[in-house]
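Trainee: Just coords.txt, nothing more (compact mmCIF, C-alpha atoms):
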```
# COMPACT_ATOMS: atom_id res chain seq x y z
CA MET T 1 0.00 0.00 0.00
CA ARG T 2 1.16 3.55 -0.68
CA LEU T 3 -0.18 6.80 0.75
CA LEU T 4 -0.49 9.60 -1.78
CA GLU T 5 0.33 13.03 -0.41
CA LYS T 6 -1.60 16.14 -1.31
CA GLY T 7 0.08 18.16 -4.05
CA GLN T 8 1.93 15.28 -5.71
CA ILE T 9 -0.47 14.93 -8.63
CA GLU T 10 -0.68 18.70 -9.11
CA SER T 11 3.11 19.00 -9.31
CA VAL T 12 3.49 16.14 -11.78
CA VAL T 13 0.72 17.45 -14.04
CA PHE T 14 2.29 20.92 -14.05
CA ASN T 15 5.67 19.47 -15.05
CA LEU T 16 4.12 17.29 -17.76
CA CYS T 17 2.28 20.29 -19.21
CA GLU T 18 5.55 22.21 -19.35
CA ARG T 19 7.42 19.32 -21.00
CA ASN T 20 4.60 18.66 -23.41
CA SER T 21 4.13 22.24 -24.46
CA GLN T 22 7.78 22.87 -25.20
CA SER T 23 9.06 19.65 -26.77
CA LEU T 24 8.14 16.83 -29.11
CA SER T 25 7.57 13.44 -27.54
CA SER T 26 10.70 11.28 -27.78
CA ASP T 27 9.23 8.72 -30.20
CA VAL T 28 8.04 11.41 -32.63
CA LYS T 29 11.35 13.28 -32.45
CA ALA T 30 13.22 10.04 -33.21
CA TYR T 31 10.93 9.42 -36.22
CA TYR T 32 11.67 12.87 -37.66
CA GLU T 33 15.40 12.53 -37.08
CA LYS T 34 15.42 9.19 -38.90
CA TYR T 35 13.44 10.74 -41.75
CA LEU T 36 16.09 13.46 -42.18
CA LYS T 37 18.86 10.88 -42.08
CA ASP T 38 17.13 8.84 -44.79
CA ASN T 39 16.18 11.90 -46.88
CA PRO T 40 19.11 14.33 -46.57
CA LYS T 41 18.40 15.98 -49.94
CA ASN T 42 14.72 16.56 -49.25
CA PRO T 43 14.37 17.73 -45.63
CA GLY T 44 11.34 19.94 -46.27
CA ILE T 45 8.79 20.51 -43.55
CA ILE T 46 10.31 17.83 -41.29
CA LYS T 47 13.45 19.90 -40.80
CA LEU T 48 11.33 22.93 -39.93
CA ILE T 49 9.45 20.88 -37.33
CA LEU T 50 12.74 19.84 -35.70
CA ASP T 51 14.09 23.38 -35.88
CA ASN T 52 10.93 24.62 -34.20
CA ASN T 53 11.33 21.99 -31.50
CA ARG T 54 14.92 23.09 -30.84
CA ILE T 55 13.93 26.76 -30.58
CA ALA T 56 10.95 26.01 -28.34
CA GLN T 57 13.16 24.07 -25.93
CA SER T 58 15.96 26.62 -25.87
CA GLU T 59 13.61 29.59 -25.38
CA LYS T 60 11.13 27.77 -23.12
CA ARG T 61 8.23 28.60 -25.41
CA PRO T 62 5.29 26.49 -26.65
CA LEU T 63 5.87 24.48 -29.83
CA CYS T 64 2.61 25.80 -31.22
CA GLN T 65 0.44 28.86 -30.60
CA ASP T 66 -2.43 26.45 -29.91
CA THR T 67 -1.53 24.64 -26.70
CA GLY T 68 -4.87 22.86 -26.96
CA VAL T 69 -7.17 21.28 -24.42
CA VAL T 70 -5.35 19.25 -21.78
CA CYS T 71 -6.36 15.58 -21.68
CA VAL T 72 -5.10 13.68 -18.63
CA PHE T 73 -5.21 9.89 -18.30
CA ALA T 74 -4.75 8.79 -14.70
CA ASP T 75 -4.19 5.08 -14.01
CA ILE T 76 -4.59 4.69 -10.26
CA GLY T 77 -3.18 1.58 -8.61
CA THR T 78 -5.60 -0.18 -6.28
CA GLY T 79 -2.82 -0.20 -3.68
CA VAL T 80 -2.72 3.61 -3.51
CA ILE T 81 -4.42 5.27 -0.53
CA LEU T 82 -6.06 8.54 -1.56
CA SER T 83 -6.49 10.04 1.87
CA GLY T 84 -8.22 13.37 1.31
CA VAL T 85 -6.76 13.74 -2.20
CA ASP T 86 -9.18 15.03 -4.86
CA ILE T 87 -7.55 13.68 -8.04
CA GLU T 88 -9.48 15.78 -10.54
CA ASN T 89 -9.06 18.96 -8.53
CA GLU T 90 -5.29 18.44 -8.28
CA ILE T 91 -5.05 17.77 -12.02
CA ASN T 92 -6.96 20.96 -12.80
CA GLU T 93 -4.85 22.97 -10.37
CA GLY T 94 -1.68 21.79 -12.11
CA VAL T 95 -3.15 22.79 -15.47
CA ARG T 96 -4.30 26.16 -14.09
CA ARG T 97 -0.80 26.89 -12.79
CA ALA T 98 0.64 26.02 -16.21
CA GLY T 99 -1.70 28.60 -17.72
CA GLU T 100 -0.72 31.24 -15.19
CA LYS T 101 2.96 30.64 -15.97
CA GLY T 102 2.38 31.05 -19.72
CA ILE T 103 3.13 27.38 -20.42
CA LEU T 104 -0.41 26.94 -21.72
CA ARG T 105 -2.65 29.49 -23.39
CA LYS T 106 -5.81 30.50 -21.60
CA SER T 107 -8.01 29.07 -24.33
CA MET T 108 -10.83 27.38 -22.41
CA VAL T 109 -14.23 29.08 -22.54
CA SER T 110 -17.27 28.32 -20.42
CA ASP T 111 -20.07 30.03 -22.34
CA PHE T 112 -21.92 27.44 -24.44
CA LEU T 113 -23.15 29.66 -27.27
CA THR T 114 -21.03 32.81 -27.48
CA GLY T 115 -17.63 31.50 -26.42
CA ASN T 116 -17.07 34.45 -24.11
CA ASN T 117 -13.77 34.16 -22.30
CA SER T 118 -12.53 36.01 -19.25
CA LEU T 119 -8.95 35.22 -20.36
CA ILE T 120 -8.13 33.40 -17.12
CA ARG T 121 -8.92 29.82 -18.18
CA SER T 122 -6.46 27.12 -19.19
CA SER T 123 -8.41 24.50 -17.25
CA PRO T 124 -10.39 22.36 -16.64
CA ALA T 125 -8.75 19.36 -18.21
CA SER T 126 -10.54 16.41 -19.73
CA VAL T 127 -9.76 13.75 -17.11
CA TYR T 128 -9.99 9.98 -17.60
CA VAL T 129 -9.44 7.84 -14.49
CA SER T 130 -8.89 4.08 -14.51
CA LEU T 131 -8.21 1.65 -11.65
CA VAL T 132 -5.31 -0.74 -12.26
CA GLU T 133 -3.25 -3.20 -10.24
CA GLY T 134 -0.26 -2.02 -8.24
CA ASP T 135 0.64 0.83 -5.90
CA ASN T 136 1.65 3.46 -8.47
CA ILE T 137 -0.15 6.25 -10.29
CA SER T 138 0.60 6.71 -13.99
CA LEU T 139 -0.27 10.13 -15.40
CA THR T 140 -0.27 10.82 -19.14
CA VAL T 141 -0.89 14.34 -20.43
CA LEU T 142 -2.02 14.84 -24.01
CA LEU T 143 -2.32 18.34 -25.49
CA LYS T 144 -5.09 18.21 -28.10
CA GLY T 145 -5.02 21.21 -30.42
CA GLY T 146 -8.17 22.64 -31.99
CA GLY T 147 -7.16 21.69 -35.53
CA SER T 148 -6.74 18.02 -34.75
CA GLU T 149 -9.82 17.93 -32.52
CA ASN T 150 -12.06 19.60 -35.13
CA SER T 151 -10.94 17.06 -37.73
CA GLY T 152 -12.06 13.93 -35.88
CA ARG T 153 -15.21 12.12 -37.01
CA SER T 154 -17.51 9.34 -35.75
CA LYS T 155 -20.01 7.15 -37.55
CA MET T 156 -22.52 4.45 -36.67
CA PHE T 157 -22.22 1.63 -39.19
CA LEU T 158 -24.73 -1.11 -39.82
CA PRO T 159 -23.64 -4.37 -38.20
CA ASP T 160 -22.84 -5.98 -41.55
CA ALA T 161 -20.16 -3.36 -42.34
CA SER T 162 -16.98 -4.70 -43.90
CA GLU T 163 -13.35 -3.81 -43.27
CA ASN T 164 -13.37 -1.94 -46.57
CA ASP T 165 -16.41 0.11 -45.50
CA MET T 166 -14.56 1.25 -42.41
CA TYR T 167 -11.34 1.97 -44.25
CA GLU T 168 -13.22 4.12 -46.78
CA PHE T 169 -14.65 6.14 -43.86
CA VAL T 170 -11.16 6.62 -42.41
CA GLU T 171 -9.70 7.61 -45.77
CA GLU T 172 -12.54 10.03 -46.49
CA THR T 173 -11.98 11.64 -43.10
CA VAL T 174 -8.25 12.04 -43.81
CA ARG T 175 -8.86 13.42 -47.31
CA LYS T 176 -11.49 15.95 -46.21
CA HIS T 177 -10.16 17.01 -42.83
CA GLY T 178 -6.61 15.72 -42.38
CA LEU T 179 -4.94 18.86 -43.73
CA ASN T 180 -6.63 20.98 -41.05
CA ALA T 181 -5.15 18.68 -38.40
CA CYS T 182 -1.58 19.70 -39.40
CA PRO T 183 0.03 16.60 -40.97
CA PRO T 184 2.00 14.43 -40.64
CA LEU T 185 -0.66 12.94 -38.41
CA ILE T 186 -1.05 10.21 -35.87
CA ILE T 187 -4.39 8.52 -36.51
CA GLY T 188 -6.37 6.82 -33.75
CA ILE T 189 -9.37 4.60 -34.50
CA GLY T 190 -11.79 3.22 -31.93
CA THR T 191 -14.47 0.63 -32.63
CA GLY T 192 -17.14 -1.14 -30.63
CA GLY T 193 -19.03 -0.51 -27.43
CA THR T 194 -21.22 2.58 -27.55
CA ALA T 195 -20.54 5.73 -29.56
CA ASP T 196 -18.85 7.42 -26.60
CA ARG T 197 -16.74 4.32 -25.92
CA ALA T 198 -15.51 4.21 -29.52
CA SER T 199 -14.63 7.91 -29.33
CA PHE T 200 -12.71 7.37 -26.08
CA LEU T 201 -10.81 4.42 -27.57
CA SER T 202 -9.79 6.47 -30.61
CA LEU T 203 -8.41 9.15 -28.28
CA LYS T 204 -6.69 6.69 -25.95
CA SER T 205 -5.03 4.89 -28.86
CA LEU T 206 -3.09 8.09 -29.58
CA LEU T 207 -1.10 7.52 -26.39
CA ARG T 208 0.70 4.54 -27.91
CA ASP T 209 4.33 5.00 -28.96
CA LEU T 210 5.02 5.01 -32.67
CA GLY T 211 5.62 1.52 -34.02
CA THR T 212 3.67 -0.32 -31.33
CA ARG T 213 1.05 -2.65 -32.73
CA ASN T 214 -2.27 -3.96 -31.51
CA PRO T 215 -1.62 -7.21 -29.59
CA ASP T 216 -4.10 -9.04 -31.82
CA PRO T 217 -2.09 -10.15 -34.91
CA GLY T 218 -5.06 -9.62 -37.23
CA MET T 219 -5.63 -6.07 -36.01
CA ALA T 220 -1.90 -5.37 -36.17
CA ASP T 221 -1.92 -6.38 -39.85
CA ILE T 222 -4.86 -4.04 -40.52
CA GLU T 223 -3.07 -1.17 -38.77
CA MET T 224 -0.02 -1.55 -41.00
CA LYS T 225 -2.10 -2.06 -44.15
CA TRP T 226 -4.26 0.99 -43.53
CA LEU T 227 -1.23 3.12 -42.63
CA GLU T 228 0.40 2.29 -45.97
CA LYS T 229 -2.81 3.07 -47.86
CA ILE T 230 -3.23 6.42 -46.07
CA ASN T 231 0.37 7.37 -46.85
CA SER T 232 -0.20 6.53 -50.51
CA ILE T 233 -2.79 9.35 -50.67
CA GLY T 234 0.08 11.81 -50.86
CA ILE T 235 -1.15 14.71 -48.71
CA GLY T 236 2.30 14.83 -47.10
CA PRO T 237 3.75 17.08 -44.39
CA ALA T 238 1.79 20.35 -44.12
CA GLY T 239 -0.14 19.30 -47.22
CA PHE T 240 2.76 19.84 -49.63
CA GLY T 241 2.59 16.30 -51.00
CA GLY T 242 4.67 13.17 -50.69
CA ARG T 243 5.23 11.22 -47.50
CA PRO T 244 4.48 10.86 -44.69
CA THR T 245 0.84 11.87 -44.40
CA ALA T 246 0.65 9.80 -41.20
CA LEU T 247 3.39 8.78 -38.78
CA ASP T 248 1.33 5.86 -37.51
CA LEU T 249 -2.19 4.49 -37.27
CA PHE T 250 -3.59 2.75 -34.20
CA ILE T 251 -6.81 0.75 -33.76
CA GLU T 252 -8.42 -0.10 -30.42
CA THR T 253 -11.50 -2.33 -30.21
CA PHE T 254 -14.22 -3.20 -27.71
CA PRO T 255 -17.05 -5.76 -27.85
CA ARG T 256 -20.20 -4.34 -29.44
CA HIS T 257 -23.91 -5.05 -29.50
CA ILE T 258 -24.94 -7.26 -32.44
CA SER T 259 -27.05 -4.48 -33.95
CA THR T 260 -24.51 -1.63 -33.72
CA TYR T 261 -21.06 -0.78 -35.03
CA PRO T 262 -19.67 2.56 -33.84
CA VAL T 263 -16.37 3.76 -35.33
CA SER T 264 -14.49 6.91 -34.35
CA VAL T 265 -11.41 8.60 -35.83
CA SER T 266 -9.14 10.97 -33.86
CA PHE T 267 -5.97 12.79 -34.90
CA LEU T 268 -2.83 14.17 -33.37
CA CYS T 269 -0.99 16.90 -35.24
CA CYS T 270 2.66 16.85 -36.29
CA ALA T 271 3.74 17.97 -32.80
CA ALA T 272 2.01 14.95 -31.18
CA ARG T 273 2.34 16.38 -27.68
CA LYS T 274 2.10 13.61 -25.11
CA ALA T 275 4.13 12.88 -21.98
CA ARG T 276 3.92 10.36 -19.16
CA ALA T 277 5.17 10.11 -15.56
CA VAL T 278 4.73 7.60 -12.75
CA ILE T 279 4.27 8.45 -9.08
```
Mind turning this structure into structure tokens?

Mentor:
Amino acid sequence: MRLLEKGQIESVVFNLCERNSQSLSSDVKAYYEKYLKDNPKNPGIIKLILDNNRIAQSEKRPLCQDTGVVCVFADIGTGVILSGVDIENEINEGVRRAGEKGILRKSMVSDFLTGNNSLIRSSPASVYVSLVEGDNISLTVLLKGGGSENSGRSKMFLPDASENDMYEFVEETVRKHGLNACPPLIIGIGTGGTADRASFLSLKSLLRDLGTRNPDPGMADIEMKWLEKINSIGIGPAGFGGRPTALDLFIETFPRHISTYPVSVSFLCCAARKARAVI
């Protein structure tokens, strides 16, 4: 058993927001560096992305003017004692502090129709809590920019839908909206459960490191096949053509009712801002 002290989660979330805002995740940075090594005569947009990352880190500035909505995934070990600790409140306080320090923009609005903003809001975060085995807490912060969030789509298929039907939906979404999500993209696909479950799975899949495959061999094959087909479209970095349009494509599934087939598509932009820490 482990007793969690007040303030620990807040501090970790603040630090993750700072790291996320100012630097590419390590797997994405490694992908871009390998791309430059393999394509020294055609660095293009990829070199600019890495240059931007270097400047952001050296000057302690956000990678992008849109620091996005903060999504926090908290995996709480069942052996952790939360004595008087309000997890969601601590997460939001860490995000609020990041906004006050200029690490995040104060982009969150509370007014449903007009979008009025008092210019003091960087929180609340979208918080997803899961109970897991162990006596640790794993916190993953994902910064979801407006461009990538606006580009996601969901659809309810008939239960006799084929793999090709679903791929055509994914490709159509990339063709129509992928450019607004700032490619090269990371594509997350969730299927099964209810509509909200499929949407959550598509978002959660984006936390996977590049190159990791679905543990089901059949789904892993589909991930690689669909990724190749998406990259053959030729949208390319920043929409200037060529490859890659997508850095990776992930699929997460959940059992579904026999009469339904929800599918959801989510994107991360070229900055792919995600970071993880364990308490």

Trainee: As an exercise, work out the distance from atom CA of T:Ile186 to atom CA of T:Ser264 in Å and give it to one decimal place.

Mentor: 13.9 Å

Trainee: Excluding stretch 231-239 of chain T and its own-chain neighbours fewer than 2 positions away, which residues fall within 10 Å of it when counting all atoms listed in the file? Please give them as a list in words.

Mentor: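 Once the adjacent positions are removed, what remains is Gly44, Ile45, Ile46, Ile49, Glu171, Val174, Arg175, Gly178, Leu179, Asn180, Ala181, Cys182, Pro183, Pro184, Leu185, Trp226, Leu227, Glu228, Lys229, Gly241, Gly242, Arg243, Pro244, Thr245, Ala246, Leu247, Asp248, Cys269 and Cys270 of chain T.
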
Trainee: Determine the nearest neighbour of T:Asp196 from the options T:Phe14, T:Phe267, T:Phe254, T:Phe73, counting only C-alpha atoms.

Mentor: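 Comparing T:Phe14, T:Phe267, T:Phe254, T:Phe73 against T:Asp196, the winner is T:Phe254.
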
Trainee: Set out as JSON lines a contact list for stretch 69-173 of chain T and stretch 15-39 of chain T with a cut-off of 12 Å, giving each residue of stretch 69-173 of chain T that qualifies its closest atom pair and distance in Å to one decimal, counting all atoms listed in the file, ordered by chain and rising residue number.

Mentor:
```
{"residue": "T:Val69", "atom": "CA", "partner": "T:Cys17", "partner_atom": "CA", "distance": 10.8}
{"residue": "T:Val70", "atom": "CA", "partner": "T:Cys17", "partner_atom": "CA", "distance": 8.1}
{"residue": "T:Cys71", "atom": "CA", "partner": "T:Cys17", "partner_atom": "CA", "distance": 10.1}
{"residue": "T:Val72", "atom": "CA", "partner": "T:Cys17", "partner_atom": "CA", "distance": 9.9}
{"residue": "T:Phe73", "atom": "CA", "partner": "T:Leu16", "partner_atom": "CA", "distance": 11.9}
{"residue": "T:Ile91", "atom": "CA", "partner": "T:Cys17", "partner_atom": "CA", "distance": 10.6}
{"residue": "T:Asn92", "atom": "CA", "partner": "T:Cys17", "partner_atom": "CA", "distance": 11.3}
{"residue": "T:Glu93", "atom": "CA", "partner": "T:Cys17", "partner_atom": "CA", "distance": 11.7}
{"residue": "T:Gly94", "atom": "CA", "partner": "T:Asn15", "partner_atom": "CA", "distance": 8.2}
{"residue": "T:Val95", "atom": "CA", "partner": "T:Cys17", "partner_atom": "CA", "distance": 7.1}
{"residue": "T:Arg96", "atom": "CA", "partner": "T:Cys17", "partner_atom": "CA", "distance": 10.2}
{"residue": "T:Arg97", "atom": "CA", "partner": "T:Cys17", "partner_atom": "CA", "distance": 9.7}
{"residue": "T:Ala98", "atom": "CA", "partner": "T:Cys17", "partner_atom": "CA", "distance": 6.7}
{"residue": "T:Gly99", "atom": "CA", "partner": "T:Cys17", "partner_atom": "CA", "distance": 9.3}
{"residue": "T:Glu100", "atom": "CA", "partner": "T:Glu18", "partner_atom": "CA", "distance": 11.8}
{"residue": "T:Lys101", "atom": "CA", "partner": "T:Glu18", "partner_atom": "CA", "distance": 9.4}
{"residue": "T:Gly102", "atom": "CA", "partner": "T:Glu18", "partner_atom": "CA", "distance": 9.4}
{"residue": "T:Ile103", "atom": "CA", "partner": "T:Glu18", "partner_atom": "CA", "distance": 5.8}
{"residue": "T:Leu104", "atom": "CA", "partner": "T:Ser21", "partner_atom": "CA", "distance": 7.1}
{"residue": "T:Arg105", "atom": "CA", "partner": "T:Ser21", "partner_atom": "CA", "distance": 10.0}
{"residue": "T:Ser122", "atom": "CA", "partner": "T:Cys17", "partner_atom": "CA", "distance": 11.1}
{"residue": "T:Ser123", "atom": "CA", "partner": "T:Cys17", "partner_atom": "CA", "distance": 11.7}
{"residue": "T:Ala125", "atom": "CA", "partner": "T:Cys17", "partner_atom": "CA", "distance": 11.1}
{"residue": "T:Ser138", "atom": "CA", "partner": "T:Leu16", "partner_atom": "CA", "distance": 11.8}
{"residue": "T:Leu139", "atom": "CA", "partner": "T:Leu16", "partner_atom": "CA", "distance": 8.7}
{"residue": "T:Thr140", "atom": "CA", "partner": "T:Leu16", "partner_atom": "CA", "distance": 7.9}
{"residue": "T:Val141", "atom": "CA", "partner": "T:Leu16", "partner_atom": "CA", "distance": 6.4}
{"residue": "T:Leu142", "atom": "CA", "partner": "T:Asn20", "partner_atom": "CA", "distance": 7.7}
{"residue": "T:Leu143", "atom": "CA", "partner": "T:Asn20", "partner_atom": "CA", "distance": 7.2}
{"residue": "T:Lys144", "atom": "CA", "partner": "T:Ser21", "partner_atom": "CA", "distance": 10.7}
{"residue": "T:Gly145", "atom": "CA", "partner": "T:Ser21", "partner_atom": "CA", "distance": 11.0}
```

Trainee: May I ask which of the residues T:Ser130, T:Asn42, T:Gln65, T:Asn53 is the closest one to T:Gly146, counting only C-alpha atoms?

Mentor: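 Nearest candidate to T:Gly146 out of T:Ser130, T:Asn42, T:Gln65, T:Asn53: T:Gln65.
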
Trainee: Using 10 Å as the limit and counting all atoms listed in the file, can you tabulate each residue of stretch 177-198 of chain T that touches stretch 165-170 of chain T, with its shortest atom-to-atom distance in Å and the two atoms involved, as JSON lines?

Mentor:
```
{"residue": "T:Ile187", "atom": "CA", "partner": "T:Val170", "partner_atom": "CA", "distance": 9.2}
{"residue": "T:Gly188", "atom": "CA", "partner": "T:Val170", "partner_atom": "CA", "distance": 9.9}
{"residue": "T:Ile189", "atom": "CA", "partner": "T:Val170", "partner_atom": "CA", "distance": 8.4}
{"residue": "T:Thr191", "atom": "CA", "partner": "T:Met166", "partner_atom": "CA", "distance": 9.8}
```

Trainee: Calculate how many Å separate atom CA of T:Leu131 from atom CA of T:Arg213, rounding to one decimal.

Mentor: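 Computing the Euclidean distance for atom CA of T:Leu131 and atom CA of T:Arg213 yields 23.4 Å.
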
Trainee: Of the residues T:Asn52, T:Ser151, T:Asn136, T:Ser259, which is the one nearest to T:Ala74, using only C-alpha atoms?

Mentor: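 Using only C-alpha atoms, T:Ala74 sits closest to T:Asn136.
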
Trainee: Please compute the atom CA of T:Gly77-atom CA of T:Val13 distance, one decimal, in Å.

Mentor: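 Between atom CA of T:Gly77 and atom CA of T:Val13 the gap works out to 17.2 Å.
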
Trainee: For T:Ala195, list every protein, DNA or RNA residue within 9 Å, evaluated using all atoms listed in the file, and leave out those in the same chain fewer than 6 positions away; present the list as number ranges by chain.

Mentor: T: 154-156, 261-264

Trainee: Which residue is closest to T:Arg273? Choose from T:Glu88, T:Glu163, T:Asp209, T:Glu59 and count all atoms listed in the file.

Mentor: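 For T:Arg273, the nearest of the given residues is T:Asp209.
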
Trainee: Taking into account all atoms listed in the file, which residue in the set T:Ala198, T:Ile258, T:Ile230, T:Ile251 is nearest to T:Asn214?

Mentor: T:Ile251

Trainee: Take every atom of stretch 229-237 of chain T listed in the file, pad by 6 Å on each side, and give me the axis-aligned box centre and edge lengths in Å, one decimal, as lines of an AutoDock Vina configuration file.

Mentor:
```
center_x = 0.3
center_y = 10.1
center_z = -47.6
size_x = 19.0
size_y = 26.0
size_z = 18.5
```

Trainee: Looking at only C-alpha atoms, which of T:Ile222, T:Gly134, T:Asp160, T:Ala271 is the one that sits closest to T:Leu50?

Mentor: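 Answer, going by the shortest atom-to-atom distance: T:Ala271.
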
Trainee: Might you pull out every residue within 10 Å of T:Ile279, with all atoms listed in the file counted and same-chain residues fewer than 2 positions away left off, and present them as a list in words?

Mentor: Leu4, Gln8, Ile9, Val12, Ile76, Asp135, Asn136, Ile137, Ser138, Leu139 and Ala277 of chain T
